[in-house]
Number of protein chains: 2
Amino acid sequence: MTSDPANLDCPVPLSGGDRVLLGHGGGGRLSAELLKAVFLPPSGDALEDQATLPAPGSRIAFTTDSFVVRPLFFPGGDIGRLAVNGTVNDLAVGGAVPRWLSAAFILEEGLPLADLRRVVGSVRAACAAAGVALVTGDTKVVDRGKCDGLFVTTAGIGLVPDGVSLSIANARPGDRVVVSGTIGDHGVAVMSVREGLDFETALESDTAPLHDLTRTMLAACPSIRCMRDPTRGGLASALNELAAASRVGVKLTESAVPVRPEVRAACELLGLDPLYVACEGRLVAVVPPDDADRLVAAMRGHPLGRGAAVVGEVVADHPGTVTLRTPLGGERVVPLLAGDQLPRIC
Amino acid sequence: MTSDPANLDCPVPLSGGDRVLLGHGGGGRLSAELLKAVFLPPSGDALEDQATLPAPGSRIAFTTDSFVVRPLFFPGGDIGRLAVNGTVNDLAVGGAVPRWLSAAFILEEGLPLADLRRVVGSVRAACAAAGVALVTGDTKVVDRGKCDGLFVTTAGIGLVPDGVSLSIANARPGDRVVVSGTIGDHGVAVMSVREGLDFETALESDTAPLHDLTRTMLAACPSIRCMRDPTRGGLASALNELAAASRVGVKLTESAVPVRPEVRAACELLGLDPLYVACEGRLVAVVPPDDADRLVAAMRGHPLGRGAAVVGEVVADHPGTVTLRTPLGGERVVPLLAGDQLPRIC
């Protein structure tokens with residue numbers, strides 16, 4: 001496969017009308033038709049069971065995520081765009097240059113083919129935007145009621161430049177914690193459509209590929225200790241994992257954490273804490289104190305980092321724990337949540 | 001993650017008792033508990049969002065498959081073993097040496113944790129048997145009734161040795177078609193348990209990792225044009241794809257195609273044609289005529305190729321079409337099936 005979105009506007013007629021049939025997953029003629037009509041660019045080469053890729057350089061990065069977001073389409077994105085950006089970002093925050101993607105679809109019998117086409121079109125467009133090639137894939141169909149429309153699992157390979165070695169175990173006391181923009185936009189956008197909430201201003205997912213922002217950041221500031229995209233579990237969970245891995249404490253300053261007013265309002269309505277709400281186009285970085293201003297300046301010069309801000313610091317106290325200083329001067333622990341504020345947000 | 005199956009026998013107690021909860025997919029404390037109790041070896045290193053791997057050599061192979069087999073456990077294997085072997089085999093039949101795997105789980109709320117542990121244990125054991133490292137993964141949980149127990153998607157990376165260049169577009173008239181053993185065992189084993197059939201002899205899935213057989217074959221016979229594992233859609237579909245990609249015809253000799261008597265009997269009972277029934281531990285190879293005997297001899301010396309046989313030849317006639325010569329001397333076309341003989345067999 002390639003990332004060419006060419007055939008999106010030119011649907012090939014399919015057996016079975018306008019819905020996915022069990023037989024579309026059977027490996028026979030219907031499967032071949034679906035592949036040709038929906039997944040492949042018009043000039044498909046021979047389909048091997050694997051893609052063969054050149055691998056210059058000595059290290060590669062490899063990651064995977066399944067996506068089960070409900071609904072499939074939400075303000076600012078859809079499951080296809082999310083699936084590409086999510087895997088691109090997991091590579092990018094490790095300092096890798098994302099290069100190749102796989103996409104494996106599990107489809108529910110009866111899924112409207114129009115929905116599938118729209119998602120596959122989003123996957124292609126998102127790959128093009130992130131500069132990655134979709135090189136291999138799979139499609140399975142399960143009987144009605146055994147899935148929820150569609151699930152998609154992406155895996156990605158990136159090239160790790162020489163000298164790059166980021167790890168969430170690298171944070172040291174004194175380091176500054178930087179976020180790239182407002183938090184919680186994605187989760188609240190999905191929840192607002194799911195709960196049928198109507199806000200005066202449009203809430204949109206922040207889903208975006210961060211590969212170019214991370215490249216810019218590493219060029220400006222090679223001393224970055226680590227980066228993470230605060231998806232499921234939000235900023236609070238990402239920082240708790242970092243605090244545990246690095247055996248340090250993290251002190252956040254509540255007033256410094258950027259949250260859109262409409263996201264804050266929606267969170268109050270929904271009983272959510274923005275610190276735990278997923279972002280899909282933001283990152284958090286840890287950087288030595290002397291480099292923090294340079295890093296924030298470099299980030300603000302990038303379209304996806306305009307809202308960058310220092311939100312806290314790494315401390316030697318209370319290793320493994322994240323705390324928050326409130327505007328009134330109090331301090332409280334920001335624990336890992338037991339369960340889930342927001343199921344099926346990605 | 002590693003492929004160490006150590007903690008399988010030492011279950012860590014989990015919040016919520018013995019079943020998967022929605023919160024196990026939320027990215028918080030329950031998620032961390034599940035990861036620690038079920039997925040990680042006891043001495044887990046810092047969990048980055050991506051694995052960084054050395055990549056010696058200049059070419060890598062990359063593939064993915066989702067697995068939705070029903071039931072999760074069947075004679076001769078389970079969904080975990082299938083998921084590892086399926087991806088290992090897609091790499092192996094391309095001539096690559098499988099090295100790294102990812103596994104992304106989608107779990108249904110309420111899945112017994114014992115089932116999950118058993119599947120994860122199978123994944124680990126299968127990785128060890130195939131010589132691959134499970135290096136990255138993901139877990140999502142969906143609400144009850146929105147999945148069917150569990151689905152798993154594996155992706156794999158292999159190293160392609162210099163000089164290896166196999167493709168299903170490479171077959172030429174005169175070439176011989178070789179299979180590595182009996183066909184249809186996997187599909188019939190799954191169907192027999194699903195349909196509650198009771199045969200006098202045990203029918204077992206053939207699921208197995210083919211990396212060592214393919215290595216042996218390529219060492220003995222570097223002239224191999226291509227290999228394929230006839231999974232979904234069986235031998236008939238694999239050969240139809242090859243015939244189309246190489247623009248050649250394929251002539252099979254029915255009496256030469258190895259089928260276990262009990263598989264043949266079950267197929268008659270179930271109304272199936274063994275040519276279309278999935279294997280998960282067999283391969284089909286195309287080889288120049290002068291090398292066919294050497295290849296078959298090399299395969300028969302390997303535990304997974306003992307039943308190797310020449311089953312047909314590549315012809316210039318009827319390009320894109322597979323035909324079968326019957327024992328009575330007739331010849332019939334073996335088309336791609338429209339739909340599915342066997343849904344959710346892998």
# chains A, B, ... in the order shown; residues from 1 in each chain; ligands from 1
>>> residues_around(residues="range 329-343 of chain B", least_positions_apart="4", cutoff="6 Å", atoms="only C-alpha atoms", output="list in words")
Gly23, Gly26, Gly28, Arg29 and Leu30 of chain A; Ser237, Val322, Thr323, Leu324 and Arg325 of chain B
>>> residues_around(residues="range 257-265 of chain B", least_positions_apart="3", cutoff="6 Å", atoms="only C-alpha atoms", output="list in words")
Thr182, Ile183, Glu254, Glu268 and Val311 of chain B
>>> write_last_selection(atoms="C-alpha atoms", output="PDB file, in the first residue's frame")
ATOM      1  CA  THR B 182      -0.973 -31.750   4.747  1.00  0.00           C
ATOM      2  CA  ILE B 183      -3.411 -28.924   4.133  1.00  0.00           C
ATOM      3  CA  GLU B 254      -5.374 -33.488  -6.917  1.00  0.00           C
ATOM      4  CA  GLU B 268     -17.123 -33.902   3.621  1.00  0.00           C
ATOM      5  CA  VAL B 311       1.645 -30.776  -6.046  1.00  0.00           C
TER       6      VAL B 311
END
>>> residues_around(residues="Met191 in chain B", least_positions_apart="5", cutoff="10 Å", atoms="only C-alpha atoms", output="PyMOL selection string")
chain B and resi 70-71+74+186+196-197+266-267+270+342-345
>>> closest_atom_pairs(of="range 151-265 of chain B", to="range 84-103 of chain A", cutoff="10 Å", atoms="only C-alpha atoms", output="JSON lines")
{"residue": "B:Thr153", "atom": "CA", "partner": "A:Ala103", "partner_atom": "CA", "distance": 9.8}
{"residue": "B:Ala155", "atom": "CA", "partner": "A:Ser102", "partner_atom": "CA", "distance": 7.8}
{"residue": "B:Gly156", "atom": "CA", "partner": "A:Ser102", "partner_atom": "CA", "distance": 9.9}
>>> closest_residue(among="B:Leu210, B:Val38, B:Ile224, B:Ala169", to="chain A", atoms="only C-alpha atoms")
B:Ala169
>>> select_by_dssp(residues="range 116-219 of chain A", states="alpha helix (DSSP H)", output="mmCIF file with all heavy atoms, in the first residue's frame")
data_model
loop_
_atom_site.group_PDB
_atom_site.id
_atom_site.type_symbol
_atom_site.label_atom_id
_atom_site.label_comp_id
_atom_site.auth_asym_id
_atom_site.auth_seq_id
_atom_site.Cartn_x
_atom_site.Cartn_y
_atom_site.Cartn_z
ATOM 1 N N LEU A 116 -16.183 3.151 6.243
ATOM 2 C CA LEU A 116 -14.860 2.548 6.064
ATOM 3 C C LEU A 116 -14.016 3.372 5.092
ATOM 4 O O LEU A 116 -12.839 3.653 5.342
ATOM 5 C CB LEU A 116 -15.011 1.108 5.565
ATOM 6 C CG LEU A 116 -13.703 0.361 5.315
ATOM 7 C CD1 LEU A 116 -12.861 0.281 6.578
ATOM 8 C CD2 LEU A 116 -13.980 -1.045 4.791
ATOM 9 N N ARG A 117 -14.612 3.761 3.970
ATOM 10 C CA ARG A 117 -13.890 4.590 3.005
ATOM 11 C C ARG A 117 -13.402 5.886 3.635
ATOM 12 O O ARG A 117 -12.293 6.347 3.384
ATOM 13 C CB ARG A 117 -14.801 4.957 1.825
ATOM 14 C CG ARG A 117 -15.014 3.849 0.834
ATOM 15 C CD ARG A 117 -15.871 4.409 -0.316
ATOM 16 N NE ARG A 117 -16.527 3.342 -1.035
ATOM 17 C CZ ARG A 117 -15.936 2.599 -1.970
ATOM 18 N NH1 ARG A 117 -14.682 2.819 -2.271
ATOM 19 N NH2 ARG A 117 -16.598 1.638 -2.577
ATOM 20 N N ARG A 118 -14.254 6.482 4.450
ATOM 21 C CA ARG A 118 -13.901 7.757 5.060
ATOM 22 C C ARG A 118 -12.718 7.574 6.020
ATOM 23 O O ARG A 118 -11.782 8.374 6.035
ATOM 24 C CB ARG A 118 -15.133 8.279 5.818
ATOM 25 C CG ARG A 118 -15.063 9.734 6.168
ATOM 26 C CD ARG A 118 -16.421 10.185 6.725
ATOM 27 N NE ARG A 118 -16.240 11.272 7.666
ATOM 28 C CZ ARG A 118 -17.130 11.644 8.574
ATOM 29 N NH1 ARG A 118 -18.290 11.010 8.668
ATOM 30 N NH2 ARG A 118 -16.869 12.655 9.376
ATOM 31 N N VAL A 119 -12.753 6.481 6.788
ATOM 32 C CA VAL A 119 -11.657 6.218 7.726
ATOM 33 C C VAL A 119 -10.362 5.919 6.974
ATOM 34 O O VAL A 119 -9.291 6.438 7.324
ATOM 35 C CB VAL A 119 -12.019 5.052 8.678
ATOM 36 C CG1 VAL A 119 -10.808 4.610 9.490
ATOM 37 C CG2 VAL A 119 -13.165 5.458 9.601
ATOM 38 N N VAL A 120 -10.451 5.099 5.932
ATOM 39 C CA VAL A 120 -9.251 4.766 5.170
ATOM 40 C C VAL A 120 -8.698 6.026 4.494
ATOM 41 O O VAL A 120 -7.477 6.227 4.428
ATOM 42 C CB VAL A 120 -9.545 3.650 4.148
ATOM 43 C CG1 VAL A 120 -8.355 3.426 3.227
ATOM 44 C CG2 VAL A 120 -9.889 2.355 4.876
ATOM 45 N N GLY A 121 -9.585 6.889 4.030
ATOM 46 C CA GLY A 121 -9.133 8.162 3.456
ATOM 47 C C GLY A 121 -8.398 9.008 4.490
ATOM 48 O O GLY A 121 -7.359 9.615 4.193
ATOM 49 N N SER A 122 -8.896 9.013 5.716
ATOM 50 C CA SER A 122 -8.225 9.747 6.795
ATOM 51 C C SER A 122 -6.862 9.157 7.104
ATOM 52 O O SER A 122 -5.907 9.888 7.374
ATOM 53 C CB SER A 122 -9.057 9.682 8.075
ATOM 54 O OG SER A 122 -10.131 10.546 8.009
ATOM 55 N N VAL A 123 -6.798 7.830 7.104
ATOM 56 C CA VAL A 123 -5.506 7.169 7.342
ATOM 57 C C VAL A 123 -4.501 7.628 6.288
ATOM 58 O O VAL A 123 -3.367 8.010 6.603
ATOM 59 C CB VAL A 123 -5.668 5.631 7.317
ATOM 60 C CG1 VAL A 123 -4.317 4.937 7.202
ATOM 61 C CG2 VAL A 123 -6.414 5.151 8.557
ATOM 62 N N ARG A 124 -4.920 7.615 5.023
ATOM 63 C CA ARG A 124 -4.002 8.018 3.949
ATOM 64 C C ARG A 124 -3.565 9.468 4.102
ATOM 65 O O ARG A 124 -2.386 9.795 3.967
ATOM 66 C CB ARG A 124 -4.700 7.852 2.604
ATOM 67 C CG ARG A 124 -4.901 6.415 2.230
ATOM 68 C CD ARG A 124 -4.796 6.250 0.719
ATOM 69 N NE ARG A 124 -5.091 4.866 0.419
ATOM 70 C CZ ARG A 124 -6.268 4.445 -0.023
ATOM 71 N NH1 ARG A 124 -7.239 5.314 -0.266
ATOM 72 N NH2 ARG A 124 -6.460 3.171 -0.254
ATOM 73 N N ALA A 125 -4.539 10.345 4.350
ATOM 74 C CA ALA A 125 -4.215 11.768 4.457
ATOM 75 C C ALA A 125 -3.288 12.016 5.648
ATOM 76 O O ALA A 125 -2.338 12.805 5.558
ATOM 77 C CB ALA A 125 -5.497 12.582 4.599
ATOM 78 N N ALA A 126 -3.552 11.323 6.760
ATOM 79 C CA ALA A 126 -2.714 11.510 7.949
ATOM 80 C C ALA A 126 -1.299 10.988 7.707
ATOM 81 O O ALA A 126 -0.323 11.580 8.175
ATOM 82 C CB ALA A 126 -3.344 10.813 9.156
ATOM 83 N N CYS A 127 -1.181 9.888 6.967
ATOM 84 C CA CYS A 127 0.156 9.376 6.628
ATOM 85 C C CYS A 127 0.917 10.400 5.793
ATOM 86 O O CYS A 127 2.099 10.666 6.024
ATOM 87 C CB CYS A 127 0.049 8.055 5.860
ATOM 88 S SG CYS A 127 -0.321 6.637 6.902
ATOM 89 N N ALA A 128 0.223 10.979 4.813
ATOM 90 C CA ALA A 128 0.874 11.982 3.965
ATOM 91 C C ALA A 128 1.325 13.167 4.818
ATOM 92 O O ALA A 128 2.446 13.665 4.663
ATOM 93 C CB ALA A 128 -0.083 12.430 2.860
ATOM 94 N N ALA A 129 0.473 13.600 5.733
ATOM 95 C CA ALA A 129 0.806 14.759 6.561
ATOM 96 C C ALA A 129 1.991 14.468 7.484
ATOM 97 O O ALA A 129 2.756 15.370 7.820
ATOM 98 C CB ALA A 129 -0.412 15.177 7.386
ATOM 99 N N ALA A 130 2.129 13.220 7.888
ATOM 100 C CA ALA A 130 3.199 12.865 8.825
ATOM 101 C C ALA A 130 4.451 12.380 8.108
ATOM 102 O O ALA A 130 5.446 12.051 8.762
ATOM 103 C CB ALA A 130 2.707 11.797 9.801
ATOM 104 N N ASP A 185 -7.956 18.750 25.209
ATOM 105 C CA ASP A 185 -8.852 19.061 24.092
ATOM 106 C C ASP A 185 -9.438 17.802 23.455
ATOM 107 O O ASP A 185 -10.637 17.736 23.164
ATOM 108 C CB ASP A 185 -8.107 19.853 23.000
ATOM 109 C CG ASP A 185 -7.583 21.186 23.503
ATOM 110 O OD1 ASP A 185 -7.464 21.373 24.732
ATOM 111 O OD2 ASP A 185 -7.282 22.048 22.661
ATOM 112 N N HIS A 186 -8.604 16.802 23.230
ATOM 113 C CA HIS A 186 -9.100 15.605 22.550
ATOM 114 C C HIS A 186 -10.197 14.901 23.354
ATOM 115 O O HIS A 186 -11.289 14.632 22.838
ATOM 116 C CB HIS A 186 -7.973 14.621 22.252
ATOM 117 C CG HIS A 186 -8.479 13.314 21.725
ATOM 118 N ND1 HIS A 186 -8.976 13.168 20.457
ATOM 119 C CD2 HIS A 186 -8.644 12.100 22.328
ATOM 120 C CE1 HIS A 186 -9.406 11.927 20.287
ATOM 121 N NE2 HIS A 186 -9.210 11.254 21.400
ATOM 122 N N GLY A 187 -9.894 14.614 24.591
ATOM 123 C CA GLY A 187 -10.853 13.872 25.405
ATOM 124 C C GLY A 187 -12.179 14.591 25.538
ATOM 125 O O GLY A 187 -13.251 13.978 25.432
ATOM 126 N N VAL A 188 -12.120 15.889 25.737
ATOM 127 C CA VAL A 188 -13.351 16.644 25.909
ATOM 128 C C VAL A 188 -14.133 16.732 24.591
ATOM 129 O O VAL A 188 -15.368 16.655 24.593
ATOM 130 C CB VAL A 188 -13.047 18.036 26.504
ATOM 131 C CG1 VAL A 188 -14.240 18.963 26.353
ATOM 132 C CG2 VAL A 188 -12.671 17.893 27.982
ATOM 133 N N ALA A 189 -13.423 16.848 23.479
ATOM 134 C CA ALA A 189 -14.122 16.885 22.185
ATOM 135 C C ALA A 189 -14.884 15.584 21.948
ATOM 136 O O ALA A 189 -16.041 15.587 21.500
ATOM 137 C CB ALA A 189 -13.128 17.142 21.046
ATOM 138 N N VAL A 190 -14.254 14.456 22.258
ATOM 139 C CA VAL A 190 -14.915 13.162 22.072
ATOM 140 C C VAL A 190 -16.087 13.018 23.039
ATOM 141 O O VAL A 190 -17.191 12.614 22.655
ATOM 142 C CB VAL A 190 -13.915 12.004 22.254
ATOM 143 C CG1 VAL A 190 -14.631 10.658 22.263
ATOM 144 C CG2 VAL A 190 -12.868 12.031 21.146
ATOM 145 N N MET A 191 -15.855 13.381 24.305
ATOM 146 C CA MET A 191 -16.925 13.237 25.297
ATOM 147 C C MET A 191 -18.104 14.154 24.984
ATOM 148 O O MET A 191 -19.256 13.777 25.190
ATOM 149 C CB MET A 191 -16.401 13.573 26.697
ATOM 150 C CG MET A 191 -15.575 12.485 27.322
ATOM 151 S SD MET A 191 -16.353 10.850 27.305
ATOM 152 C CE MET A 191 -17.629 11.086 28.550
ATOM 153 N N SER A 192 -17.817 15.342 24.492
ATOM 154 C CA SER A 192 -18.910 16.287 24.266
ATOM 155 C C SER A 192 -19.840 15.762 23.180
ATOM 156 O O SER A 192 -21.055 15.866 23.296
ATOM 157 C CB SER A 192 -18.369 17.668 23.926
ATOM 158 O OG SER A 192 -17.675 17.640 22.703
ATOM 159 N N VAL A 193 -19.288 15.139 22.131
ATOM 160 C CA VAL A 193 -20.170 14.595 21.102
ATOM 161 C C VAL A 193 -20.855 13.329 21.616
ATOM 162 O O VAL A 193 -22.027 13.084 21.335
ATOM 163 C CB VAL A 193 -19.439 14.402 19.751
ATOM 164 C CG1 VAL A 193 -18.187 13.613 19.905
ATOM 165 C CG2 VAL A 193 -20.331 13.743 18.734
ATOM 166 N N ARG A 194 -20.140 12.558 22.424
ATOM 167 C CA ARG A 194 -20.739 11.322 22.928
ATOM 168 C C ARG A 194 -21.881 11.620 23.893
ATOM 169 O O ARG A 194 -22.900 10.932 23.900
ATOM 170 C CB ARG A 194 -19.662 10.507 23.643
ATOM 171 C CG ARG A 194 -19.976 9.057 23.747
ATOM 172 C CD ARG A 194 -18.710 8.233 23.667
ATOM 173 N NE ARG A 194 -18.080 8.053 24.950
ATOM 174 C CZ ARG A 194 -16.823 7.611 25.122
ATOM 175 N NH1 ARG A 194 -16.061 7.358 24.069
ATOM 176 N NH2 ARG A 194 -16.315 7.446 26.299
ATOM 177 N N HIS A 211 5.861 14.793 14.741
ATOM 178 C CA HIS A 211 7.227 14.482 14.305
ATOM 179 C C HIS A 211 8.033 15.727 13.973
ATOM 180 O O HIS A 211 9.241 15.768 14.199
ATOM 181 C CB HIS A 211 7.179 13.565 13.086
ATOM 182 C CG HIS A 211 6.540 14.204 11.900
ATOM 183 N ND1 HIS A 211 5.220 14.642 11.913
ATOM 184 C CD2 HIS A 211 7.029 14.525 10.685
ATOM 185 C CE1 HIS A 211 4.926 15.174 10.739
ATOM 186 N NE2 HIS A 211 6.010 15.121 9.984
ATOM 187 N N ASP A 212 7.383 16.744 13.427
ATOM 188 C CA ASP A 212 8.143 17.931 13.038
ATOM 189 C C ASP A 212 8.445 18.818 14.251
ATOM 190 O O ASP A 212 9.527 19.409 14.342
ATOM 191 C CB ASP A 212 7.373 18.725 11.970
ATOM 192 C CG ASP A 212 8.271 19.725 11.282
ATOM 193 O OD1 ASP A 212 9.281 19.298 10.682
ATOM 194 O OD2 ASP A 212 7.989 20.940 11.376
ATOM 195 N N LEU A 213 7.511 18.851 15.187
ATOM 196 C CA LEU A 213 7.764 19.591 16.429
ATOM 197 C C LEU A 213 8.923 18.957 17.202
ATOM 198 O O LEU A 213 9.824 19.663 17.682
ATOM 199 C CB LEU A 213 6.500 19.613 17.296
ATOM 200 C CG LEU A 213 6.648 20.289 18.665
ATOM 201 C CD1 LEU A 213 7.014 21.763 18.530
ATOM 202 C CD2 LEU A 213 5.371 20.131 19.497
ATOM 203 N N THR A 214 8.936 17.642 17.315
ATOM 204 C CA THR A 214 10.018 16.993 18.076
ATOM 205 C C THR A 214 11.368 17.187 17.377
ATOM 206 O O THR A 214 12.391 17.372 18.042
ATOM 207 C CB THR A 214 9.749 15.486 18.277
ATOM 208 O OG1 THR A 214 9.554 14.860 17.010
ATOM 209 C CG2 THR A 214 8.514 15.260 19.145
ATOM 210 N N ARG A 215 11.344 17.172 16.036
ATOM 211 C CA ARG A 215 12.588 17.425 15.291
ATOM 212 C C ARG A 215 13.113 18.822 15.613
ATOM 213 O O ARG A 215 14.303 19.012 15.914
ATOM 214 C CB ARG A 215 12.297 17.283 13.793
ATOM 215 C CG ARG A 215 13.517 17.158 12.905
ATOM 216 C CD ARG A 215 13.128 17.149 11.424
ATOM 217 N NE ARG A 215 12.268 18.266 11.047
ATOM 218 C CZ ARG A 215 12.671 19.522 10.899
ATOM 219 N NH1 ARG A 215 13.935 19.828 11.071
ATOM 220 N NH2 ARG A 215 11.818 20.476 10.567
ATOM 221 N N THR A 216 12.207 19.802 15.572
ATOM 222 C CA THR A 216 12.570 21.184 15.884
ATOM 223 C C THR A 216 13.108 21.297 17.310
ATOM 224 O O THR A 216 14.118 21.972 17.564
ATOM 225 C CB THR A 216 11.315 22.079 15.743
ATOM 226 O OG1 THR A 216 10.836 21.959 14.401
ATOM 227 C CG2 THR A 216 11.625 23.533 16.049
ATOM 228 N N MET A 217 12.451 20.628 18.231
ATOM 229 C CA MET A 217 12.863 20.697 19.638
ATOM 230 C C MET A 217 14.247 20.092 19.844
ATOM 231 O O MET A 217 15.092 20.675 20.535
ATOM 232 C CB MET A 217 11.842 19.956 20.513
ATOM 233 C CG MET A 217 10.489 20.653 20.603
ATOM 234 S SD MET A 217 9.201 19.595 21.339
ATOM 235 C CE MET A 217 9.835 19.387 23.010
ATOM 236 N N LEU A 218 14.487 18.929 19.235
ATOM 237 C CA LEU A 218 15.781 18.265 19.432
ATOM 238 C C LEU A 218 16.904 19.048 18.762
ATOM 239 O O LEU A 218 18.039 19.058 19.252
ATOM 240 C CB LEU A 218 15.723 16.831 18.909
ATOM 241 C CG LEU A 218 14.933 15.870 19.803
ATOM 242 C CD1 LEU A 218 14.660 14.560 19.086
ATOM 243 C CD2 LEU A 218 15.702 15.605 21.109
ATOM 244 N N ALA A 219 16.591 19.724 17.661
ATOM 245 C CA ALA A 219 17.608 20.539 16.986
ATOM 246 C C ALA A 219 17.973 21.736 17.866
ATOM 247 O O ALA A 219 19.154 22.087 17.999
ATOM 248 C CB ALA A 219 17.093 21.003 15.623
#
>>> closest_residue(among="B:His24, B:Arg81, B:Arg247, B:His302", to="chain A", atoms="only C-alpha atoms")
B:His24
>>> closest_residue(among="B:Thr63, B:Pro75, B:Gly137, B:Leu107", to="Ala51 in chain B", atoms="only C-alpha atoms")
B:Gly137
>>> closest_residue(among="B:Leu242, B:Val177, B:Ala220, B:Leu113", to="chain A", atoms="only C-alpha atoms")
B:Leu242
>>> closest_residue(among="B:Thr321, B:Thr231, B:Ser180, B:Ser205", to="chain A", atoms="only C-alpha atoms")
B:Thr231
>>> closest_residue(among="A:Leu203, A:Cys221, A:Leu275, A:Leu159", to="Leu235 in chain A", atoms="only C-alpha atoms")
A:Leu275
>>> atom_distance(atom1="CA of Glu241 in chain A", atom2="CA of Ile168 in chain A")
7.8 Å
>>> atom_distance(atom1="CA of Phe73 in chain B", atom2="CA of Arg282 in chain B")
19.9 Å
>>> residues_around(residues="Ala245 in chain A", least_positions_apart="2", cutoff="10 Å", atoms="only C-alpha atoms", output="PyMOL selection string")
(chain A and resi 167-171+239-243+247-248+319-320) or (chain B and resi 45-48)
